[in-house]
Each structure stands twice: as C-alpha cells, then as structure tokens.
>>> print(open('final_4.txt').read())   # compact mmCIF, C-alpha atoms
# COMPACT_ATOMS: atom_id res chain seq x y z
CA GLN G 24 196.55 294.01 7.10
CA LEU G 25 200.22 293.43 6.35
CA THR G 26 200.16 289.96 7.89
CA ASN G 27 196.94 289.20 5.99
CA HIS G 28 198.71 290.34 2.80
CA THR G 29 195.92 292.79 2.00
CA VAL G 30 198.37 295.73 1.79
CA PHE G 31 201.85 296.00 0.31
CA PHE G 32 203.21 297.84 3.35
CA GLY G 33 201.96 298.86 6.77
CA ALA G 34 202.86 301.50 9.34
CA SER G 35 202.93 301.33 13.12
CA ASP G 36 204.06 303.21 16.23
CA GLY G 37 204.52 299.83 17.96
CA PRO G 38 207.02 297.39 16.38
CA MET G 39 205.95 293.83 15.68
CA THR G 40 206.89 291.29 18.33
CA ASP G 41 209.37 288.46 17.73
CA GLU G 42 206.42 286.04 17.73
CA GLN G 43 204.53 288.06 15.11
CA ILE G 44 207.58 288.23 12.86
CA LYS G 45 208.34 284.51 13.22
CA ALA G 46 204.75 283.69 12.21
CA GLU G 47 205.29 285.27 8.78
CA PRO G 48 206.51 283.29 5.75
CA GLY G 49 209.31 285.79 5.09
CA ALA G 50 211.36 288.43 6.89
CA VAL G 51 209.60 291.69 7.82
CA LEU G 52 211.58 294.95 7.79
CA HIS G 53 210.96 297.88 10.13
CA LEU G 54 211.99 301.20 8.61
CA PRO G 55 211.86 304.17 11.02
CA THR G 56 210.39 307.18 9.25
CA VAL G 57 209.66 309.92 11.80
CA LEU G 58 209.58 310.57 15.54
CA GLY G 59 206.52 311.28 17.61
CA ALA G 60 205.41 311.60 21.21
CA VAL G 61 202.41 310.94 23.42
CA VAL G 62 201.35 313.60 25.92
CA PRO G 63 199.09 313.61 29.00
CA VAL G 64 196.14 315.91 28.26
CA TYR G 65 193.79 317.17 30.95
CA ASN G 66 190.78 319.36 31.60
CA LEU G 67 191.12 321.40 34.78
CA PRO G 68 189.56 324.86 34.41
CA GLY G 69 191.98 327.53 35.57
CA VAL G 70 194.92 325.13 35.86
CA THR G 71 197.70 325.19 33.27
CA ASP G 72 201.22 323.79 32.99
CA LEU G 73 200.72 320.76 35.19
CA LYS G 74 203.70 318.51 35.87
CA PHE G 75 203.59 314.72 36.06
CA SER G 76 205.98 311.89 36.82
CA GLY G 77 205.82 308.44 35.27
CA PRO G 78 204.91 306.67 38.52
CA LEU G 79 202.17 309.27 39.13
CA LEU G 80 200.64 308.69 35.68
CA ALA G 81 200.86 304.93 36.23
CA ASP G 82 199.04 305.21 39.57
CA ILE G 83 196.32 307.38 37.99
CA TYR G 84 195.82 304.79 35.22
CA LEU G 85 195.82 301.98 37.82
CA GLY G 86 193.02 303.79 39.65
CA LYS G 87 195.11 304.32 42.78
CA ILE G 88 195.00 308.15 42.64
CA LYS G 89 191.42 309.35 42.34
CA LYS G 90 191.44 313.10 43.16
CA TRP G 91 193.25 316.01 41.54
CA ASN G 92 194.32 317.39 44.91
CA ALA G 93 196.00 314.11 45.91
CA PRO G 94 199.35 314.63 47.70
CA ALA G 95 201.28 312.90 44.89
CA ILE G 96 200.02 315.53 42.39
CA ALA G 97 200.35 318.47 44.79
CA THR G 98 203.97 317.61 45.61
CA LEU G 99 204.96 317.87 41.94
CA ASN G 100 202.94 321.09 41.47
CA PRO G 101 203.73 323.42 44.39
CA GLY G 102 201.75 326.63 44.36
CA VAL G 103 199.10 325.28 41.98
CA LYS G 104 195.51 325.45 43.28
CA LEU G 105 194.37 321.89 42.65
CA PRO G 106 190.63 321.20 42.98
CA ALA G 107 189.21 318.24 44.92
CA THR G 108 187.66 317.05 41.65
CA ASP G 109 187.49 313.35 40.82
CA ILE G 110 189.95 312.27 38.12
CA ALA G 111 188.10 310.91 35.08
CA VAL G 112 190.50 308.62 33.20
CA ALA G 113 190.21 308.40 29.41
CA HIS G 114 192.03 305.88 27.22
CA ARG G 115 191.84 304.47 23.72
CA SER G 116 189.12 301.91 23.04
CA ASP G 117 190.78 300.77 19.79
CA GLY G 118 194.17 299.13 19.43
CA SER G 119 196.71 301.84 18.68
CA GLY G 120 200.37 302.71 18.52
CA THR G 121 199.59 305.67 20.78
CA THR G 122 198.48 303.25 23.49
CA TYR G 123 201.55 301.09 22.84
CA ILE G 124 203.92 304.02 23.47
CA TRP G 125 201.97 305.12 26.56
CA VAL G 126 201.93 301.69 28.23
CA ASP G 127 205.51 300.92 27.14
CA TYR G 128 206.57 303.99 29.11
CA LEU G 129 204.34 303.35 32.14
CA SER G 130 205.54 299.74 32.32
CA LYS G 131 209.15 300.92 32.47
CA VAL G 132 208.55 303.28 35.39
CA SER G 133 206.00 301.20 37.35
CA PRO G 134 206.53 297.48 38.03
CA GLU G 135 202.93 297.27 39.22
CA PHE G 136 201.64 298.72 35.95
CA LYS G 137 203.79 296.30 33.95
CA ASP G 138 202.43 293.39 35.98
CA LYS G 139 198.75 294.41 35.92
CA VAL G 140 198.41 296.05 32.48
CA GLY G 141 201.53 295.26 30.43
CA VAL G 142 202.67 296.39 27.00
CA ASN G 143 200.55 296.00 23.88
CA SER G 144 198.68 298.14 21.37
CA SER G 145 195.47 297.11 23.15
CA VAL G 146 195.31 296.37 26.89
CA ASN G 147 192.76 295.70 29.63
CA TRP G 148 192.50 298.97 31.52
CA PRO G 149 191.76 298.79 35.28
CA VAL G 150 189.82 302.09 35.19
CA GLY G 151 188.47 304.71 32.82
CA ILE G 152 186.35 305.12 29.72
CA GLY G 153 187.47 304.48 26.16
CA GLY G 154 187.37 306.69 23.09
CA LYS G 155 188.19 305.76 19.50
CA GLY G 156 191.25 307.45 18.10
CA ASN G 157 192.95 310.65 19.25
CA ASP G 158 189.62 312.36 18.45
CA GLY G 159 187.69 310.13 20.82
CA VAL G 160 190.07 310.55 23.75
CA SER G 161 190.38 314.32 23.29
CA GLY G 162 186.59 314.56 22.98
CA ILE G 163 186.12 312.84 26.35
CA VAL G 164 188.76 315.06 27.97
CA SER G 165 187.45 318.33 26.52
CA GLN G 166 183.84 317.54 27.53
CA THR G 167 184.65 316.25 31.03
CA PRO G 168 185.99 318.61 33.71
CA GLY G 169 188.55 316.65 35.73
CA ALA G 170 189.44 314.32 32.88
CA ILE G 171 192.90 313.08 31.91
CA GLY G 172 193.87 311.27 28.72
CA TYR G 173 196.74 310.71 26.31
CA VAL G 174 197.05 311.76 22.67
CA GLU G 175 199.72 312.26 20.05
CA LEU G 176 201.74 315.47 20.54
CA ILE G 177 200.94 317.11 17.19
CA PHE G 178 197.24 316.34 17.65
CA ALA G 179 197.27 318.10 21.03
CA GLN G 180 199.11 321.11 19.58
CA LYS G 181 196.86 321.46 16.52
CA ASN G 182 193.73 321.26 18.66
CA ASN G 183 195.03 323.55 21.45
CA ILE G 184 194.54 320.93 24.18
CA SER G 185 196.38 321.49 27.49
CA TYR G 186 199.09 318.91 28.07
CA GLY G 187 201.54 318.49 30.89
CA ALA G 188 205.28 318.17 31.30
CA VAL G 189 206.62 314.76 32.32
CA GLN G 190 209.65 314.04 34.48
CA ASN G 191 212.37 312.31 32.47
CA ALA G 192 215.01 309.76 33.49
CA ALA G 193 217.40 312.61 34.35
CA GLY G 194 214.84 314.03 36.81
CA GLU G 195 213.91 317.04 34.66
CA MET G 196 210.35 318.18 33.98
CA VAL G 197 210.15 318.27 30.17
CA LYS G 198 207.32 319.31 27.86
CA ALA G 199 207.07 317.49 24.57
CA THR G 200 208.43 319.48 21.62
CA PRO G 201 210.10 318.40 18.37
CA GLU G 202 213.41 319.29 20.07
CA SER G 203 212.84 317.26 23.26
CA VAL G 204 211.60 314.28 21.21
CA THR G 205 214.72 314.49 19.04
CA LYS G 206 216.88 314.44 22.19
CA ALA G 207 215.14 311.24 23.31
CA ALA G 208 216.20 309.53 20.08
CA ALA G 209 219.74 310.91 20.17
CA GLY G 210 220.72 309.00 23.30
CA VAL G 211 219.70 305.54 22.06
CA SER G 212 221.88 303.12 20.09
CA MET G 213 219.98 301.81 17.08
CA PRO G 214 219.88 298.00 16.68
CA ASP G 215 220.36 296.36 13.28
CA ASP G 216 216.63 295.70 12.84
CA PHE G 217 215.62 299.26 13.91
CA ARG G 218 213.11 297.95 16.49
CA VAL G 219 214.00 300.15 19.44
CA SER G 220 212.06 301.70 22.30
CA ILE G 221 213.04 305.26 23.24
CA THR G 222 210.55 305.74 26.07
CA ASN G 223 212.19 306.88 29.31
CA ALA G 224 215.34 307.63 27.30
CA PRO G 225 218.43 308.89 29.14
CA GLY G 226 219.94 312.31 28.61
CA ALA G 227 219.30 315.94 29.41
CA GLY G 228 216.24 317.52 27.80
CA ALA G 229 214.80 314.22 26.52
CA TYR G 230 211.00 313.90 26.55
CA PRO G 231 210.29 310.49 28.09
CA ILE G 232 207.20 309.36 26.13
CA SER G 233 208.73 309.49 22.65
CA SER G 234 208.86 306.91 19.87
CA PHE G 235 209.81 306.19 16.31
CA THR G 236 207.07 305.22 13.88
CA TRP G 237 207.93 302.54 11.35
CA LEU G 238 207.01 301.37 7.89
CA LEU G 239 206.55 297.58 7.84
CA LEU G 240 207.61 295.75 4.67
CA PHE G 241 208.27 292.19 3.58
CA GLU G 242 211.94 291.85 2.65
CA THR G 243 211.23 289.71 -0.44
CA PRO G 244 207.74 290.60 -1.72
CA SER G 245 206.37 288.87 -4.79
CA ASP G 246 205.40 292.15 -6.49
CA LYS G 247 208.78 293.39 -7.73
CA ALA G 248 207.31 296.48 -9.46
CA GLN G 249 205.79 297.73 -6.20
CA ALA G 250 208.99 296.81 -4.38
CA LYS G 251 211.01 298.99 -6.76
CA GLY G 252 208.56 301.87 -6.24
CA MET G 253 209.02 301.54 -2.51
CA VAL G 254 212.82 301.48 -2.78
CA ASP G 255 212.75 304.59 -5.01
CA PHE G 256 210.50 306.34 -2.48
>>> encode(input="final_4.txt", output="structure tokens")
Amino acid sequence: QLTNHTVFFGASDGPMTDEQIKAEPGAVLHLPTVLGAVVPVYNLPGVTDLKFSGPLLADIYLGKIKKWNAPAIATLNPGVKLPATDIAVAHRSDGSGTTYIWVDYLSKVSPEFKDKVGVNSSVNWPVGIGGKGNDGVSGIVSQTPGAIGYVELIFAQKNNISYGAVQNAAGEMVKATPESVTKAAAGVSMPDDFRVSITNAPGAGAYPISSFTWLLLFETPSDKAQAKGMVDF
C-alpha cells in the first residue's frame, strides 16, 4: 500500500529490500518502533516446556523430521515422554512479517533451509498446511494434536498457547520474554538506515527469533501537513 501510494505510511516486521527501495521515486525511511518475537507453538497433550534448536526447527519445516519422538527432538528434551505422533506442520498462508522473521532465522541456522525456502514475507513451504494470520496458525495448532506452528510472542501469551524455548547463538535454551527479546537487540550495532536483522543475535540471554518492527515513510512526501503530524508523533 505504501508503494502504491494508497497510505501515507506503512508498518512491517520485514524491512524493504534494496530492490524495493530503489524502485520508488523517493527515499523510504525505516523507523524502528518496538521489538517483537516469533515463538514455536505446539499441541502435545501432557507435554510442556519443550526445547528446540534452530536446525531442528528448520528440519521440521523442511519435512525431514516427521515424528515427535524423533532422536533429534528427544536429545534436546531428556526425560520428556515424547509420543510417536506425526508432526503436523502449520505455517502462514498469507504474506507476513511473522513469516519473514521465522524464515530469516531458519535460513541463518540451516544452509539447506536457506537454499530450499529462503527469506521473504511469503515463501513456498515444502510441507504443512497454511492458516491466515496468527489466528489461523494458532487455530490449526490448537485443533490438531501433534501440530507445530509459529506465532507472535504476545499473541501466544494472551491466548495461553504452549510455546517452546529455542537455543540461542550462545548455546543457551531461552524462552521468549520482553527481557530476552531486549537482550537480542542490545548486542547488535544499528546501521544508519535502521534496517537490521537481530535473529540469532549473539550474547547471553538473547532470544534468537527476535525482530524490530518498523514504520515505513517516504522521506519527502508531498503532503507536508501529514508529514508534520508524523514528525510531531
């Protein structure tokens, strides 16, 4: 909508690409507003506090790990009674910043995922069923025993959906919280244009699937009154 000039400003969890920015008649600014995170949600009756690694999540979303009691999951979760249930993979059907953050992370930790799926707000998934929005994905997960999906952290918390800890770059198992997301941002140097990825961020206590969300604005819009309102805001 921003590039079609149907809105004065936009907002996104995935920054515009160099190609998208170059295609515009004027400079586009990215203003980071808040931090967020994407969490792996799952439906395994009787199982709580699951732990995941990035390569494990990538292999699940590549369709390489198909059962919950697979050795790769059991190794990270000693003592947990994992069922032999099939893993039902859920993902977004619509283009979304949530997907962008998820695949940006998985592409950093899995060369195969980067090669086969890549980084975009909408991708061709090798496996799984799609749901529209955080609601759609969480609906699939909550109604399907054995399902796994990904949603925004605050959405998972508000709707009391089980979500797992993820191993960070320092080797720690970290659950997403406002504090662990803040730590992910603290270890990254901010570039002049504010377009920065903080997935798989270094540092103790950092949650690895974190991101800024940005306001997108034209630097020299024609509507000066709206521009002043935006600057005041």
>>> residues_around(input="final_4.txt", residues="region 127-140 of chain G", least_positions_apart="4", cutoff="7 Å", atoms="only C-alpha atoms", output="PyMOL selection string")
chain G and resi 77-78+81+85+123+146-148+222-223+232
>>> closest_residue(input="final_4.txt", among="G:Ser212, G:Gln249, G:Ser116, G:Thr40", to="Gly172 (chain G)", atoms="only C-alpha atoms")
G:Ser116
>>> residues_around(input="final_4.txt", residues="Ile171 (chain G)", least_positions_apart="6", cutoff="8 Å", atoms="all atoms listed in the file", output="list in words")
Pro63, Val64, Tyr65, Asn66, Ile110, Ala111, Val112, Ala113 and Val164 of chain G
>>> closest_residue(input="final_4.txt", among="G:Val160, G:Val142, G:Gly154, G:Pro168", to="Pro106 (chain G)", atoms="all atoms listed in the file")
G:Pro168
>>> atom_distance(input="final_4.txt", atom1="CA of Val61 (chain G)", atom2="CA of Asp82 (chain G)")
17.5 Å
>>> axis_aligned_box(input="final_4.txt", around="region 65-78 of chain G", padding_each_side="6 Å", output="JSON")
{"center_x": 197.8, "center_y": 317.1, "center_z": 34.7, "size_x": 28.4, "size_y": 32.9, "size_z": 19.6}
>>> closest_residue(input="final_4.txt", among="G:Glu202, G:Glu47, G:Asp72, G:Glu42", to="Ser233 (chain G)", atoms="only C-alpha atoms")
G:Glu202
